[in-house]
file final_37.pdb (PDB, C-alpha atoms and all ligand atoms)
ATOM      1  CA  MET A1043      16.809  -7.798  -3.215  1.00  0.00           C
ATOM      2  CA  LYS A1044      17.467 -10.893  -5.278  1.00  0.00           C
ATOM      3  CA  ILE A1045      20.533 -11.692  -3.207  1.00  0.00           C
ATOM      4  CA  TYR A1046      18.833 -10.772   0.060  1.00  0.00           C
ATOM      5  CA  PHE A1047      15.851 -13.072  -0.541  1.00  0.00           C
ATOM      6  CA  LYS A1048      18.099 -15.893  -1.646  1.00  0.00           C
ATOM      7  CA  GLU A1049      20.184 -15.583   1.501  1.00  0.00           C
ATOM      8  CA  LYS A1050      17.103 -15.442   3.724  1.00  0.00           C
ATOM      9  CA  LEU A1051      14.971 -18.084   2.048  1.00  0.00           C
ATOM     10  CA  ALA A1052      16.769 -20.490  -0.275  1.00  0.00           C
ATOM     11  CA  GLU A1053      18.179 -22.592   2.570  1.00  0.00           C
ATOM     12  CA  ILE A1054      15.117 -22.716   4.808  1.00  0.00           C
ATOM     13  CA  ALA A1055      12.320 -23.103   2.236  1.00  0.00           C
ATOM     14  CA  ASP A1056      11.586 -26.570   0.822  1.00  0.00           C
ATOM     15  CA  GLU A1057      11.410 -25.062  -2.636  1.00  0.00           C
ATOM     16  CA  TYR A1058      12.677 -21.658  -3.743  1.00  0.00           C
ATOM     17  CA  LEU A1059      11.608 -20.166  -7.066  1.00  0.00           C
ATOM     18  CA  VAL A1060      12.309 -16.829  -8.725  1.00  0.00           C
ATOM     19  CA  TYR A1061      10.160 -15.726 -11.653  1.00  0.00           C
ATOM     20  CA  GLU A1062      11.659 -13.045 -13.882  1.00  0.00           C
ATOM     21  CA  THR A1063       9.254 -11.423 -16.305  1.00  0.00           C
ATOM     22  CA  PRO A1064       9.577  -8.312 -18.474  1.00  0.00           C
ATOM     23  CA  VAL A1065       6.796  -5.705 -18.337  1.00  0.00           C
ATOM     24  CA  ILE A1066       6.274  -2.225 -19.717  1.00  0.00           C
ATOM     25  CA  HIS A1067       6.725   0.294 -16.900  1.00  0.00           C
ATOM     26  CA  PRO A1068       3.365   2.119 -16.636  1.00  0.00           C
ATOM     27  CA  MET A1069       4.949   5.495 -15.836  1.00  0.00           C
ATOM     28  CA  ARG A1070       8.143   5.400 -17.901  1.00  0.00           C
ATOM     29  CA  GLN A1071       6.965   3.172 -20.770  1.00  0.00           C
ATOM     30  CA  ASP A1072      10.289   1.313 -20.921  1.00  0.00           C
ATOM     31  CA  THR A1073      10.775  -2.416 -20.318  1.00  0.00           C
ATOM     32  CA  VAL A1074      11.714  -3.549 -16.827  1.00  0.00           C
ATOM     33  CA  ILE A1075      12.264  -7.051 -15.436  1.00  0.00           C
ATOM     34  CA  LEU A1076      10.135  -7.958 -12.439  1.00  0.00           C
ATOM     35  CA  HIS A1077      11.411 -10.455  -9.871  1.00  0.00           C
ATOM     36  CA  ASN A1078       8.719 -12.421  -8.069  1.00  0.00           C
ATOM     37  CA  VAL A1079       9.939 -14.795  -5.380  1.00  0.00           C
ATOM     38  CA  LEU A1080       8.066 -17.893  -4.188  1.00  0.00           C
ATOM     39  CA  ALA A1081       9.209 -19.776  -1.095  1.00  0.00           C
ATOM     40  CA  ARG A1082       7.303 -23.035  -0.709  1.00  0.00           C
ATOM     41  CA  PHE A1083       6.969 -25.196   2.371  1.00  0.00           C
ATOM     42  CA  ASN A1084       5.729 -28.785   2.102  1.00  0.00           C
ATOM     43  CA  PRO A1085       5.386 -28.495  -1.698  1.00  0.00           C
ATOM     44  CA  ALA A1086       3.959 -32.049  -2.050  1.00  0.00           C
ATOM     45  CA  SER A1087       0.834 -31.207  -0.051  1.00  0.00           C
ATOM     46  CA  ASN A1088      -2.374 -30.644  -2.014  1.00  0.00           C
ATOM     47  CA  TYR A1089      -3.872 -28.454   0.698  1.00  0.00           C
ATOM     48  CA  ARG A1090      -2.082 -25.093   0.771  1.00  0.00           C
ATOM     49  CA  ILE A1091      -2.381 -21.576   2.129  1.00  0.00           C
ATOM     50  CA  MET A1092      -0.659 -18.622   0.462  1.00  0.00           C
ATOM     51  CA  LEU A1093       0.656 -15.491   2.121  1.00  0.00           C
ATOM     52  CA  LEU A1094       1.870 -12.639  -0.010  1.00  0.00           C
ATOM     53  CA  ALA A1095       3.403  -9.196   0.267  1.00  0.00           C
ATOM     54  CA  HIS A1096       4.916  -6.801  -2.237  1.00  0.00           C
ATOM     55  CA  TRP A1097       8.623  -6.134  -1.834  1.00  0.00           C
ATOM     56  CA  ASP A1098       8.993  -3.251  -4.265  1.00  0.00           C
ATOM     57  CA  THR A1099       8.547   0.310  -3.078  1.00  0.00           C
ATOM     58  CA  ARG A1100       7.267   3.260  -5.010  1.00  0.00           C
ATOM     59  CA  GLU A1101      10.019   5.052  -6.922  1.00  0.00           C
ATOM     60  CA  ILE A1102       8.378   8.465  -6.548  1.00  0.00           C
ATOM     61  CA  ALA A1103       6.933  10.097  -3.420  1.00  0.00           C
ATOM     62  CA  ASP A1104       4.084  11.622  -5.413  1.00  0.00           C
ATOM     63  CA  ASN A1105       2.024  12.344  -2.276  1.00  0.00           C
ATOM     64  CA  ASP A1106       4.840  14.122  -0.438  1.00  0.00           C
ATOM     65  CA  PRO A1107       3.761  17.389   1.235  1.00  0.00           C
ATOM     66  CA  ILE A1108       6.995  18.996  -0.053  1.00  0.00           C
ATOM     67  CA  ASP A1109       6.787  19.489  -3.823  1.00  0.00           C
ATOM     68  CA  SER A1110      10.538  19.224  -4.401  1.00  0.00           C
ATOM     69  CA  LEU A1111      10.571  15.724  -2.858  1.00  0.00           C
ATOM     70  CA  GLN A1112       7.855  14.272  -5.041  1.00  0.00           C
ATOM     71  CA  ASN A1113      10.332  12.656  -7.430  1.00  0.00           C
ATOM     72  CA  THR A1114      12.275  11.014  -4.601  1.00  0.00           C
ATOM     73  CA  PRO A1115      11.871   7.245  -4.113  1.00  0.00           C
ATOM     74  CA  ILE A1116      10.048   6.299  -0.928  1.00  0.00           C
ATOM     75  CA  LEU A1117      11.728   4.072   1.650  1.00  0.00           C
ATOM     76  CA  GLY A1118       8.510   2.100   2.102  1.00  0.00           C
ATOM     77  CA  ALA A1119       9.029   0.994   5.701  1.00  0.00           C
ATOM     78  CA  ASN A1120       5.298   0.355   5.909  1.00  0.00           C
ATOM     79  CA  ASP A1121       4.297   0.228   2.229  1.00  0.00           C
ATOM     80  CA  GLY A1122       6.350  -2.771   1.235  1.00  0.00           C
ATOM     81  CA  ALA A1123       8.793  -3.713   3.973  1.00  0.00           C
ATOM     82  CA  SER A1124       6.270  -4.356   6.768  1.00  0.00           C
ATOM     83  CA  GLY A1125       4.532  -7.265   5.043  1.00  0.00           C
ATOM     84  CA  VAL A1126       7.858  -8.697   3.904  1.00  0.00           C
ATOM     85  CA  ALA A1127       9.204  -8.533   7.480  1.00  0.00           C
ATOM     86  CA  VAL A1128       6.287 -10.589   8.791  1.00  0.00           C
ATOM     87  CA  LEU A1129       6.618 -13.184   6.036  1.00  0.00           C
ATOM     88  CA  LEU A1130      10.389 -13.552   6.473  1.00  0.00           C
ATOM     89  CA  THR A1131       9.894 -14.216  10.182  1.00  0.00           C
ATOM     90  CA  LEU A1132       7.151 -16.685   9.352  1.00  0.00           C
ATOM     91  CA  ALA A1133       9.523 -18.501   6.986  1.00  0.00           C
ATOM     92  CA  GLU A1134      11.873 -19.153   9.908  1.00  0.00           C
ATOM     93  CA  LEU A1135       9.011 -20.549  11.993  1.00  0.00           C
ATOM     94  CA  LEU A1136       7.790 -22.786   9.174  1.00  0.00           C
ATOM     95  CA  HIS A1137      11.288 -24.160   8.823  1.00  0.00           C
ATOM     96  CA  GLU A1138      11.709 -24.821  12.554  1.00  0.00           C
ATOM     97  CA  ALA A1139       8.198 -26.189  13.169  1.00  0.00           C
ATOM     98  CA  PRO A1140       6.912 -27.672   9.888  1.00  0.00           C
ATOM     99  CA  LEU A1141       3.184 -27.914   9.199  1.00  0.00           C
ATOM    100  CA  ASN A1142       1.252 -30.920   7.910  1.00  0.00           C
ATOM    101  CA  PHE A1143      -0.007 -28.890   4.940  1.00  0.00           C
ATOM    102  CA  GLY A1144       1.598 -26.602   2.392  1.00  0.00           C
ATOM    103  CA  VAL A1145       2.386 -22.901   2.710  1.00  0.00           C
ATOM    104  CA  ASP A1146       3.449 -20.658  -0.158  1.00  0.00           C
ATOM    105  CA  LEU A1147       5.104 -17.351   0.679  1.00  0.00           C
ATOM    106  CA  LEU A1148       4.934 -15.070  -2.331  1.00  0.00           C
ATOM    107  CA  PHE A1149       7.020 -11.898  -2.471  1.00  0.00           C
ATOM    108  CA  VAL A1150       5.833  -9.844  -5.403  1.00  0.00           C
ATOM    109  CA  ASP A1151       7.556  -7.127  -7.363  1.00  0.00           C
ATOM    110  CA  GLY A1152       5.930  -4.335  -9.376  1.00  0.00           C
ATOM    111  CA  GLU A1153       2.986  -3.576  -7.095  1.00  0.00           C
ATOM    112  CA  ASP A1154       3.704   0.086  -6.815  1.00  0.00           C
ATOM    113  CA  MET A1155       4.757   1.513 -10.179  1.00  0.00           C
ATOM    114  CA  GLY A1156       1.273   2.385 -11.347  1.00  0.00           C
ATOM    115  CA  VAL A1157      -0.208   5.616 -12.622  1.00  0.00           C
ATOM    116  CA  PRO A1158      -2.665   7.052 -10.074  1.00  0.00           C
ATOM    117  CA  GLY A1159      -6.229   6.591 -11.222  1.00  0.00           C
ATOM    118  CA  ILE A1160      -5.342   4.022 -13.911  1.00  0.00           C
ATOM    119  CA  SER A1161      -6.835   0.727 -12.824  1.00  0.00           C
ATOM    120  CA  GLY A1162      -4.652  -2.237 -13.771  1.00  0.00           C
ATOM    121  CA  SER A1163      -1.379  -0.272 -13.678  1.00  0.00           C
ATOM    122  CA  TYR A1164      -0.680  -1.479 -10.119  1.00  0.00           C
ATOM    123  CA  GLY A1165      -0.070  -5.071  -9.018  1.00  0.00           C
ATOM    124  CA  LEU A1166       1.877  -5.962 -12.169  1.00  0.00           C
ATOM    125  CA  GLY A1167       4.088  -8.529 -10.428  1.00  0.00           C
ATOM    126  CA  THR A1168       1.076 -10.407  -9.109  1.00  0.00           C
ATOM    127  CA  LYS A1169      -0.568 -10.301 -12.519  1.00  0.00           C
ATOM    128  CA  GLU A1170       2.545 -11.788 -14.174  1.00  0.00           C
ATOM    129  CA  VAL A1171       3.150 -14.463 -11.550  1.00  0.00           C
ATOM    130  CA  SER A1172      -0.529 -15.474 -11.540  1.00  0.00           C
ATOM    131  CA  ALA A1173       0.001 -17.187 -14.893  1.00  0.00           C
ATOM    132  CA  LEU A1174       3.027 -19.103 -13.577  1.00  0.00           C
ATOM    133  CA  LEU A1175       1.996 -20.293 -10.105  1.00  0.00           C
ATOM    134  CA  PRO A1176       2.308 -24.037  -9.489  1.00  0.00           C
ATOM    135  CA  LYS A1177      -0.860 -26.073  -9.084  1.00  0.00           C
ATOM    136  CA  PRO A1178      -2.764 -27.132  -7.088  1.00  0.00           C
ATOM    137  CA  TYR A1179      -3.595 -23.587  -6.064  1.00  0.00           C
ATOM    138  CA  PRO A1180      -3.840 -22.654  -2.406  1.00  0.00           C
ATOM    139  CA  ALA A1181      -7.284 -22.850  -0.783  1.00  0.00           C
ATOM    140  CA  PHE A1182      -6.989 -19.140  -0.062  1.00  0.00           C
ATOM    141  CA  ALA A1183      -4.450 -16.322   0.127  1.00  0.00           C
ATOM    142  CA  ILE A1184      -3.784 -13.539   2.616  1.00  0.00           C
ATOM    143  CA  CYS A1185      -1.964 -10.408   1.491  1.00  0.00           C
ATOM    144  CA  LEU A1186      -0.146  -8.256   4.052  1.00  0.00           C
ATOM    145  CA  ASP A1187       0.358  -4.633   3.060  1.00  0.00           C
ATOM    146  CA  MET A1188       0.978  -1.612   5.282  1.00  0.00           C
ATOM    147  CA  VAL A1189       0.838  -3.707   8.438  1.00  0.00           C
ATOM    148  CA  GLY A1190       3.501  -1.889  10.475  1.00  0.00           C
ATOM    149  CA  ASP A1191       1.849   1.432  11.393  1.00  0.00           C
ATOM    150  CA  SER A1192       2.358   2.186  15.075  1.00  0.00           C
ATOM    151  CA  GLU A1193      -1.262   3.445  15.196  1.00  0.00           C
ATOM    152  CA  GLN A1194      -2.694   0.251  13.793  1.00  0.00           C
ATOM    153  CA  MET A1195      -6.316  -0.045  12.596  1.00  0.00           C
ATOM    154  CA  PHE A1196      -7.541  -2.762  10.249  1.00  0.00           C
ATOM    155  CA  PHE A1197     -10.961  -2.484   8.700  1.00  0.00           C
ATOM    156  CA  MET A1198     -12.235  -5.418   6.625  1.00  0.00           C
ATOM    157  CA  GLU A1199     -11.209  -4.496   3.102  1.00  0.00           C
ATOM    158  CA  TYR A1200     -14.196  -4.452   0.758  1.00  0.00           C
ATOM    159  CA  TYR A1201     -13.057  -6.875  -2.011  1.00  0.00           C
ATOM    160  CA  SER A1202     -11.804  -9.300   0.623  1.00  0.00           C
ATOM    161  CA  VAL A1203     -15.280  -9.498   2.127  1.00  0.00           C
ATOM    162  CA  LEU A1204     -16.810  -9.805  -1.330  1.00  0.00           C
ATOM    163  CA  ASN A1205     -14.556 -12.641  -2.528  1.00  0.00           C
ATOM    164  CA  ALA A1206     -13.397 -14.448   0.604  1.00  0.00           C
ATOM    165  CA  ARG A1207     -15.857 -13.631   3.382  1.00  0.00           C
ATOM    166  CA  ASP A1208     -15.061 -16.774   5.420  1.00  0.00           C
ATOM    167  CA  VAL A1209     -11.329 -16.030   5.443  1.00  0.00           C
ATOM    168  CA  VAL A1210     -11.968 -12.460   6.605  1.00  0.00           C
ATOM    169  CA  ALA A1211     -14.283 -13.713   9.365  1.00  0.00           C
ATOM    170  CA  ASN A1212     -11.717 -16.291  10.464  1.00  0.00           C
ATOM    171  CA  VAL A1213      -8.887 -13.739  10.679  1.00  0.00           C
ATOM    172  CA  TRP A1214     -10.881 -11.010  12.424  1.00  0.00           C
ATOM    173  CA  ASN A1215     -12.436 -13.489  14.904  1.00  0.00           C
ATOM    174  CA  LEU A1216      -9.025 -14.915  15.674  1.00  0.00           C
ATOM    175  CA  ALA A1217      -7.624 -11.415  16.224  1.00  0.00           C
ATOM    176  CA  ARG A1218     -10.504 -10.625  18.594  1.00  0.00           C
ATOM    177  CA  ASP A1219      -9.894 -13.871  20.531  1.00  0.00           C
ATOM    178  CA  LEU A1220      -6.225 -12.914  20.844  1.00  0.00           C
ATOM    179  CA  GLY A1221      -7.176  -9.469  22.180  1.00  0.00           C
ATOM    180  CA  TYR A1222      -6.076  -7.419  19.167  1.00  0.00           C
ATOM    181  CA  SER A1223      -8.767  -4.740  19.072  1.00  0.00           C
ATOM    182  CA  GLN A1224      -7.024  -2.983  16.154  1.00  0.00           C
ATOM    183  CA  PHE A1225      -8.805  -5.514  13.902  1.00  0.00           C
ATOM    184  CA  ILE A1226     -12.127  -3.711  13.586  1.00  0.00           C
ATOM    185  CA  PRO A1227     -15.081  -5.835  12.441  1.00  0.00           C
ATOM    186  CA  LYS A1228     -16.432  -3.228  10.029  1.00  0.00           C
ATOM    187  CA  ILE A1229     -16.188  -3.132   6.243  1.00  0.00           C
ATOM    188  CA  GLY A1230     -13.701  -0.559   4.944  1.00  0.00           C
ATOM    189  CA  THR A1231     -12.981   0.910   1.525  1.00  0.00           C
ATOM    190  CA  ALA A1232     -12.225  -1.111  -1.607  1.00  0.00           C
ATOM    191  CA  ILE A1233      -8.497  -1.383  -2.367  1.00  0.00           C
ATOM    192  CA  GLU A1234      -7.226  -2.960  -5.599  1.00  0.00           C
ATOM    193  CA  ASP A1235      -4.197  -4.455  -3.942  1.00  0.00           C
ATOM    194  CA  ASP A1236      -2.312  -7.641  -4.843  1.00  0.00           C
ATOM    195  CA  HIS A1237      -5.013  -9.812  -3.269  1.00  0.00           C
ATOM    196  CA  HIS A1238      -7.527  -8.470  -5.786  1.00  0.00           C
ATOM    197  CA  VAL A1239      -5.163  -8.933  -8.729  1.00  0.00           C
ATOM    198  CA  LEU A1240      -4.440 -12.513  -7.621  1.00  0.00           C
ATOM    199  CA  TRP A1241      -8.146 -13.293  -7.300  1.00  0.00           C
ATOM    200  CA  LYS A1242      -8.910 -11.729 -10.683  1.00  0.00           C
ATOM    201  CA  HIS A1243      -6.273 -13.782 -12.523  1.00  0.00           C
ATOM    202  CA  THR A1244      -6.461 -17.117 -10.675  1.00  0.00           C
ATOM    203  CA  GLY A1245      -9.802 -17.236  -8.854  1.00  0.00           C
ATOM    204  CA  ILE A1246      -7.987 -17.927  -5.563  1.00  0.00           C
ATOM    205  CA  PRO A1247     -10.102 -16.427  -2.743  1.00  0.00           C
ATOM    206  CA  ALA A1248      -7.826 -13.715  -1.369  1.00  0.00           C
ATOM    207  CA  ILE A1249      -7.978 -11.113   1.373  1.00  0.00           C
ATOM    208  CA  ASP A1250      -5.931  -8.052   2.222  1.00  0.00           C
ATOM    209  CA  ILE A1251      -4.839  -7.088   5.703  1.00  0.00           C
ATOM    210  CA  ILE A1252      -4.125  -3.396   5.165  1.00  0.00           C
ATOM    211  CA  ASP A1253      -4.159  -0.286   7.327  1.00  0.00           C
ATOM    212  CA  PHE A1254      -4.630   2.502   4.862  1.00  0.00           C
ATOM    213  CA  GLN A1255      -4.948   5.208   7.526  1.00  0.00           C
ATOM    214  CA  TYR A1256      -1.249   5.762   8.044  1.00  0.00           C
ATOM    215  CA  PRO A1257      -1.127   6.893  10.804  1.00  0.00           C
ATOM    216  CA  ASN A1258      -4.732   8.159  11.119  1.00  0.00           C
ATOM    217  CA  ALA A1259      -7.697   9.665   9.297  1.00  0.00           C
ATOM    218  CA  ASP A1260      -6.110  13.173   9.304  1.00  0.00           C
ATOM    219  CA  THR A1261      -2.554  12.467   8.144  1.00  0.00           C
ATOM    220  CA  ASN A1262      -1.233   9.950   5.622  1.00  0.00           C
ATOM    221  CA  TYR A1263       2.430   9.085   5.083  1.00  0.00           C
ATOM    222  CA  TRP A1264       1.439   6.796   2.200  1.00  0.00           C
ATOM    223  CA  HIS A1265       3.616   7.452  -0.872  1.00  0.00           C
ATOM    224  CA  THR A1266       5.626  10.144   0.904  1.00  0.00           C
ATOM    225  CA  THR A1267       9.257  10.306   2.026  1.00  0.00           C
ATOM    226  CA  LEU A1268       7.845  10.081   5.574  1.00  0.00           C
ATOM    227  CA  ASP A1269       7.138   6.340   5.225  1.00  0.00           C
ATOM    228  CA  THR A1270      10.117   5.464   7.442  1.00  0.00           C
ATOM    229  CA  PRO A1271      10.743   2.919  10.245  1.00  0.00           C
ATOM    230  CA  ASP A1272      10.094   5.452  13.035  1.00  0.00           C
ATOM    231  CA  LYS A1273       6.404   5.492  11.983  1.00  0.00           C
ATOM    232  CA  CYS A1274       6.192   1.718  12.444  1.00  0.00           C
ATOM    233  CA  SER A1275       6.395  -0.436  15.524  1.00  0.00           C
ATOM    234  CA  ALA A1276       7.540  -3.943  16.382  1.00  0.00           C
ATOM    235  CA  LYS A1277       4.387  -4.348  18.458  1.00  0.00           C
ATOM    236  CA  SER A1278       2.230  -3.773  15.380  1.00  0.00           C
ATOM    237  CA  LEU A1279       4.224  -6.225  13.267  1.00  0.00           C
ATOM    238  CA  SER A1280       3.992  -8.720  16.100  1.00  0.00           C
ATOM    239  CA  ALA A1281       0.178  -8.414  16.272  1.00  0.00           C
ATOM    240  CA  VAL A1282      -0.225  -9.305  12.599  1.00  0.00           C
ATOM    241  CA  GLY A1283       2.448 -11.987  12.742  1.00  0.00           C
ATOM    242  CA  THR A1284       0.799 -13.584  15.775  1.00  0.00           C
ATOM    243  CA  VAL A1285      -2.643 -13.686  14.142  1.00  0.00           C
ATOM    244  CA  ILE A1286      -1.230 -15.318  10.999  1.00  0.00           C
ATOM    245  CA  THR A1287       0.875 -17.761  12.989  1.00  0.00           C
ATOM    246  CA  GLU A1288      -2.130 -18.759  15.110  1.00  0.00           C
ATOM    247  CA  LEU A1289      -4.215 -19.236  12.011  1.00  0.00           C
ATOM    248  CA  LEU A1290      -1.648 -21.568  10.459  1.00  0.00           C
ATOM    249  CA  TYR A1291      -0.901 -23.640  13.544  1.00  0.00           C
ATOM    250  CA  LEU A1292      -4.600 -23.965  14.490  1.00  0.00           C
ATOM    251  CA  GLU A1293      -5.209 -25.297  11.001  1.00  0.00           C
ATOM    252  CA  ASN A1294      -2.335 -27.703  11.556  1.00  0.00           C
ATOM    253  CA  GLU A1295      -3.957 -28.988  14.767  1.00  0.00           C
ATOM    254  CA  ARG A1296      -7.349 -29.247  13.151  1.00  0.00           C
ATOM    255  CA  ARG A1297      -5.981 -31.255  10.245  1.00  0.00           C
ATOM    256  CA  HIS A1298      -3.959 -33.447  12.593  1.00  0.00           C
ATOM    257  CA  ASN A1299      -7.072 -34.326  14.615  1.00  0.00           C
ATOM    258  CA  ASP A1300      -9.239 -35.049  11.571  1.00  0.00           C
TER     259      ASP A1300
HETATM  260 ZN    ZN A1401       2.079   1.777  -2.269  1.00  0.00          ZN
END
call {"tool": "encode", "arguments": {"input": "final_37.pdb", "output": "structure tokens"}}
result
Amino acid sequence: MKIYFKEKLAEIADEYLVYETPVIHPMRQDTVILHNVLARFNPASNYRIMLLAHWDTREIADNDPIDSLQNTPILGANDGASGVAVLLTLAELLHEAPLNFGVDLLFVDGEDMGVPGISGSYGLGTKEVSALLPKPYPAFAICLDMVGDSEQMFFMEYYSVLNARDVVANVWNLARDLGYSQFIPKIGTAIEDDHHVLWKHTGIPAIDIIDFQYPNADTNYWHTTLDTPDKCSAKSLSAVGTVITELLYLENERRHND
């Protein structure tokens, strides 16, 4: 992944940083090195927006319906890769059509090596990088996680509403205006995802765009070997990417006209 990110981002970002930090693996109790990647655009700007996604995938499919597969690593097409895919595409756009403010794309490691039920054992990469992020901090952050499900449904994640209500309203209103009815203006469950870890350790108002019903309320491929690209769709990735792109370029226009 280190090489892949470097190839994709080092040339097109205005600043490319890799943070390597050792942590104790919550499940295995040995030391592992996390690699958090920060691609910065317009780094001199004081006004910034951050977008983040975790790039690691869970090394055990502990929710797999087949017992013998529960020690198999998941592919993480949705849980991991989907958010990264949107951000990598966004990086190309930001390079081709630069904004008049700063954008930080943060690709975090170590989100998904936690012990189920143990709060604080997930989101380790975000926790580590929170202490190292350059200042000034972004005005707000948007985390993309599990955004590729072909049966997409986004409720307003509980902590996001609690800590960054205006950002949630902005995103969901924008999605409605663009005709994306999969953004449902109702409060959903609380998820301690990277957005929450970032907020806890930096105070940056942060929201999560996450579709935890993967694919629906009856079945869930989350943390199973079934989290594969055939369960995701380009249309879904495009919906999220379009909302984020609109948000950024509308802000650009607004700031230009000020
Ligand atoms: Zn996960």
call {"tool": "atom_distance", "arguments": {"input": "final_37.pdb", "atom1": "CA of Asp1109 in chain A", "atom2": "CA of Asn1262 in chain A"}}
result
15.6 Å
call {"tool": "atom_distance", "arguments": {"input": "final_37.pdb", "atom1": "CA of Glu1234 in chain A", "atom2": "CA of Ile1252 in chain A"}}
result
11.2 Å
call {"tool": "closest_residue", "arguments": {"input": "final_37.pdb", "among": "A:Asn1078, A:Thr1287, A:Ser1278, A:Ser1110", "to": "Asp1253 in chain A", "atoms": "all atoms listed in the file"}}
result
A:Ser1278
call {"tool": "resolve_selection", "arguments": {"input": "final_37.pdb", "expression": "the PyMOL selection byres (((chain A and resi 1280) around 12) and not hetatm)", "output": "PyMOL selection string"}}
result
chain A and resi 1124-1125+1127-1129+1131-1132+1189-1192+1194+1217+1222+1274-1279+1281-1288
call {"tool": "residues_near_ligand", "arguments": {"input": "final_37.pdb", "ligand": "ligand ZN 1401 (chain A)", "cutoff": "10 Å", "atoms": "only C-alpha atoms and all ligand atoms", "output": "list in words"}}
result
His1096, Asp1098, Thr1099, Arg1100, Glu1101, Ala1103, Ile1116, Gly1118, Asn1120, Asp1121, Gly1122, Glu1153, Asp1154, Met1155, Gly1156, Tyr1164, Gly1165, Asp1187, Met1188, Asp1235, Phe1254, Trp1264, His1265 and Thr1266 of chain A
call {"tool": "closest_residue", "arguments": {"input": "final_37.pdb", "among": "A:His1298, A:Arg1082, A:Lys1169, A:His1243", "to": "Gly1152 in chain A", "atoms": "only C-alpha atoms"}}
result
A:Lys1169
call {"tool": "resolve_selection", "arguments": {"input": "final_37.pdb", "expression": "the PyMOL selection byres (((chain A and resi 1171) around 12) and not hetatm)", "output": "ChimeraX atom specification"}}
result
/A:1059-1065,1076-1080,1094,1148-1153,1165-1170,1172-1176,1236,1239-1240,1243-1244
call {"tool": "resolve_selection", "arguments": {"input": "final_37.pdb", "expression": "the PyMOL selection byres (((chain A and resi 1226) around 6) and not hetatm)", "output": "PyMOL selection string"}}
result
chain A and resi 1196-1197+1224-1225+1227-1228
call {"tool": "atom_distance", "arguments": {"input": "final_37.pdb", "atom1": "CA of Ser1087 in chain A", "atom2": "CA of Asp1219 in chain A"}}
result
29.0 Å
call {"tool": "residues_around", "arguments": {"input": "final_37.pdb", "residues": "Met1198 in chain A", "least_positions_apart": "4", "cutoff": "12 Å", "atoms": "all atoms listed in the file", "output": "NGL selection string"}}
result
:A and (1202-1215 or 1224-1233 or 1249-1254)
call {"tool": "write_last_selection", "arguments": {"input": "final_37.pdb", "atoms": "C-alpha atoms", "output": "PDB file, keeping the file's coordinate frame"}}
result
ATOM      1  CA  SER A1202     -11.804  -9.300   0.623  1.00  0.00           C
ATOM      2  CA  VAL A1203     -15.280  -9.498   2.127  1.00  0.00           C
ATOM      3  CA  LEU A1204     -16.810  -9.805  -1.330  1.00  0.00           C
ATOM      4  CA  ASN A1205     -14.556 -12.641  -2.528  1.00  0.00           C
ATOM      5  CA  ALA A1206     -13.397 -14.448   0.604  1.00  0.00           C
ATOM      6  CA  ARG A1207     -15.857 -13.631   3.382  1.00  0.00           C
ATOM      7  CA  ASP A1208     -15.061 -16.774   5.420  1.00  0.00           C
ATOM      8  CA  VAL A1209     -11.329 -16.030   5.443  1.00  0.00           C
ATOM      9  CA  VAL A1210     -11.968 -12.460   6.605  1.00  0.00           C
ATOM     10  CA  ALA A1211     -14.283 -13.713   9.365  1.00  0.00           C
ATOM     11  CA  ASN A1212     -11.717 -16.291  10.464  1.00  0.00           C
ATOM     12  CA  VAL A1213      -8.887 -13.739  10.679  1.00  0.00           C
ATOM     13  CA  TRP A1214     -10.881 -11.010  12.424  1.00  0.00           C
ATOM     14  CA  ASN A1215     -12.436 -13.489  14.904  1.00  0.00           C
ATOM     15  CA  GLN A1224      -7.024  -2.983  16.154  1.00  0.00           C
ATOM     16  CA  PHE A1225      -8.805  -5.514  13.902  1.00  0.00           C
ATOM     17  CA  ILE A1226     -12.127  -3.711  13.586  1.00  0.00           C
ATOM     18  CA  PRO A1227     -15.081  -5.835  12.441  1.00  0.00           C
ATOM     19  CA  LYS A1228     -16.432  -3.228  10.029  1.00  0.00           C
ATOM     20  CA  ILE A1229     -16.188  -3.132   6.243  1.00  0.00           C
ATOM     21  CA  GLY A1230     -13.701  -0.559   4.944  1.00  0.00           C
ATOM     22  CA  THR A1231     -12.981   0.910   1.525  1.00  0.00           C
ATOM     23  CA  ALA A1232     -12.225  -1.111  -1.607  1.00  0.00           C
ATOM     24  CA  ILE A1233      -8.497  -1.383  -2.367  1.00  0.00           C
ATOM     25  CA  ILE A1249      -7.978 -11.113   1.373  1.00  0.00           C
ATOM     26  CA  ASP A1250      -5.931  -8.052   2.222  1.00  0.00           C
ATOM     27  CA  ILE A1251      -4.839  -7.088   5.703  1.00  0.00           C
ATOM     28  CA  ILE A1252      -4.125  -3.396   5.165  1.00  0.00           C
ATOM     29  CA  ASP A1253      -4.159  -0.286   7.327  1.00  0.00           C
ATOM     30  CA  PHE A1254      -4.630   2.502   4.862  1.00  0.00           C
TER      31      PHE A1254
END
call {"tool": "residues_near_point", "arguments": {"input": "final_37.pdb", "point": "(-3.4, -28.9, 1.1)", "cutoff": "9 Å", "atoms": "all atoms listed in the file", "output": "ChimeraX atom specification"}}
result
/A:1086-1091,1142-1145,1178-1181
call {"tool": "axis_aligned_box", "arguments": {"input": "final_37.pdb", "around": "range 1132-1137 of chain A", "padding_each_side": "3 Å", "output": "lines of an AutoDock Vina configuration file"}}
result
center_x = 9.5
center_y = -20.4
center_z = 9.5
size_x = 10.7
size_y = 13.5
size_z = 11.0
call {"tool": "closest_residue", "arguments": {"input": "final_37.pdb", "among": "A:Ala1119, A:Pro1140, A:Glu1199, A:Phe1182", "to": "Thr1270 in chain A", "atoms": "all atoms listed in the file"}}
result
A:Ala1119
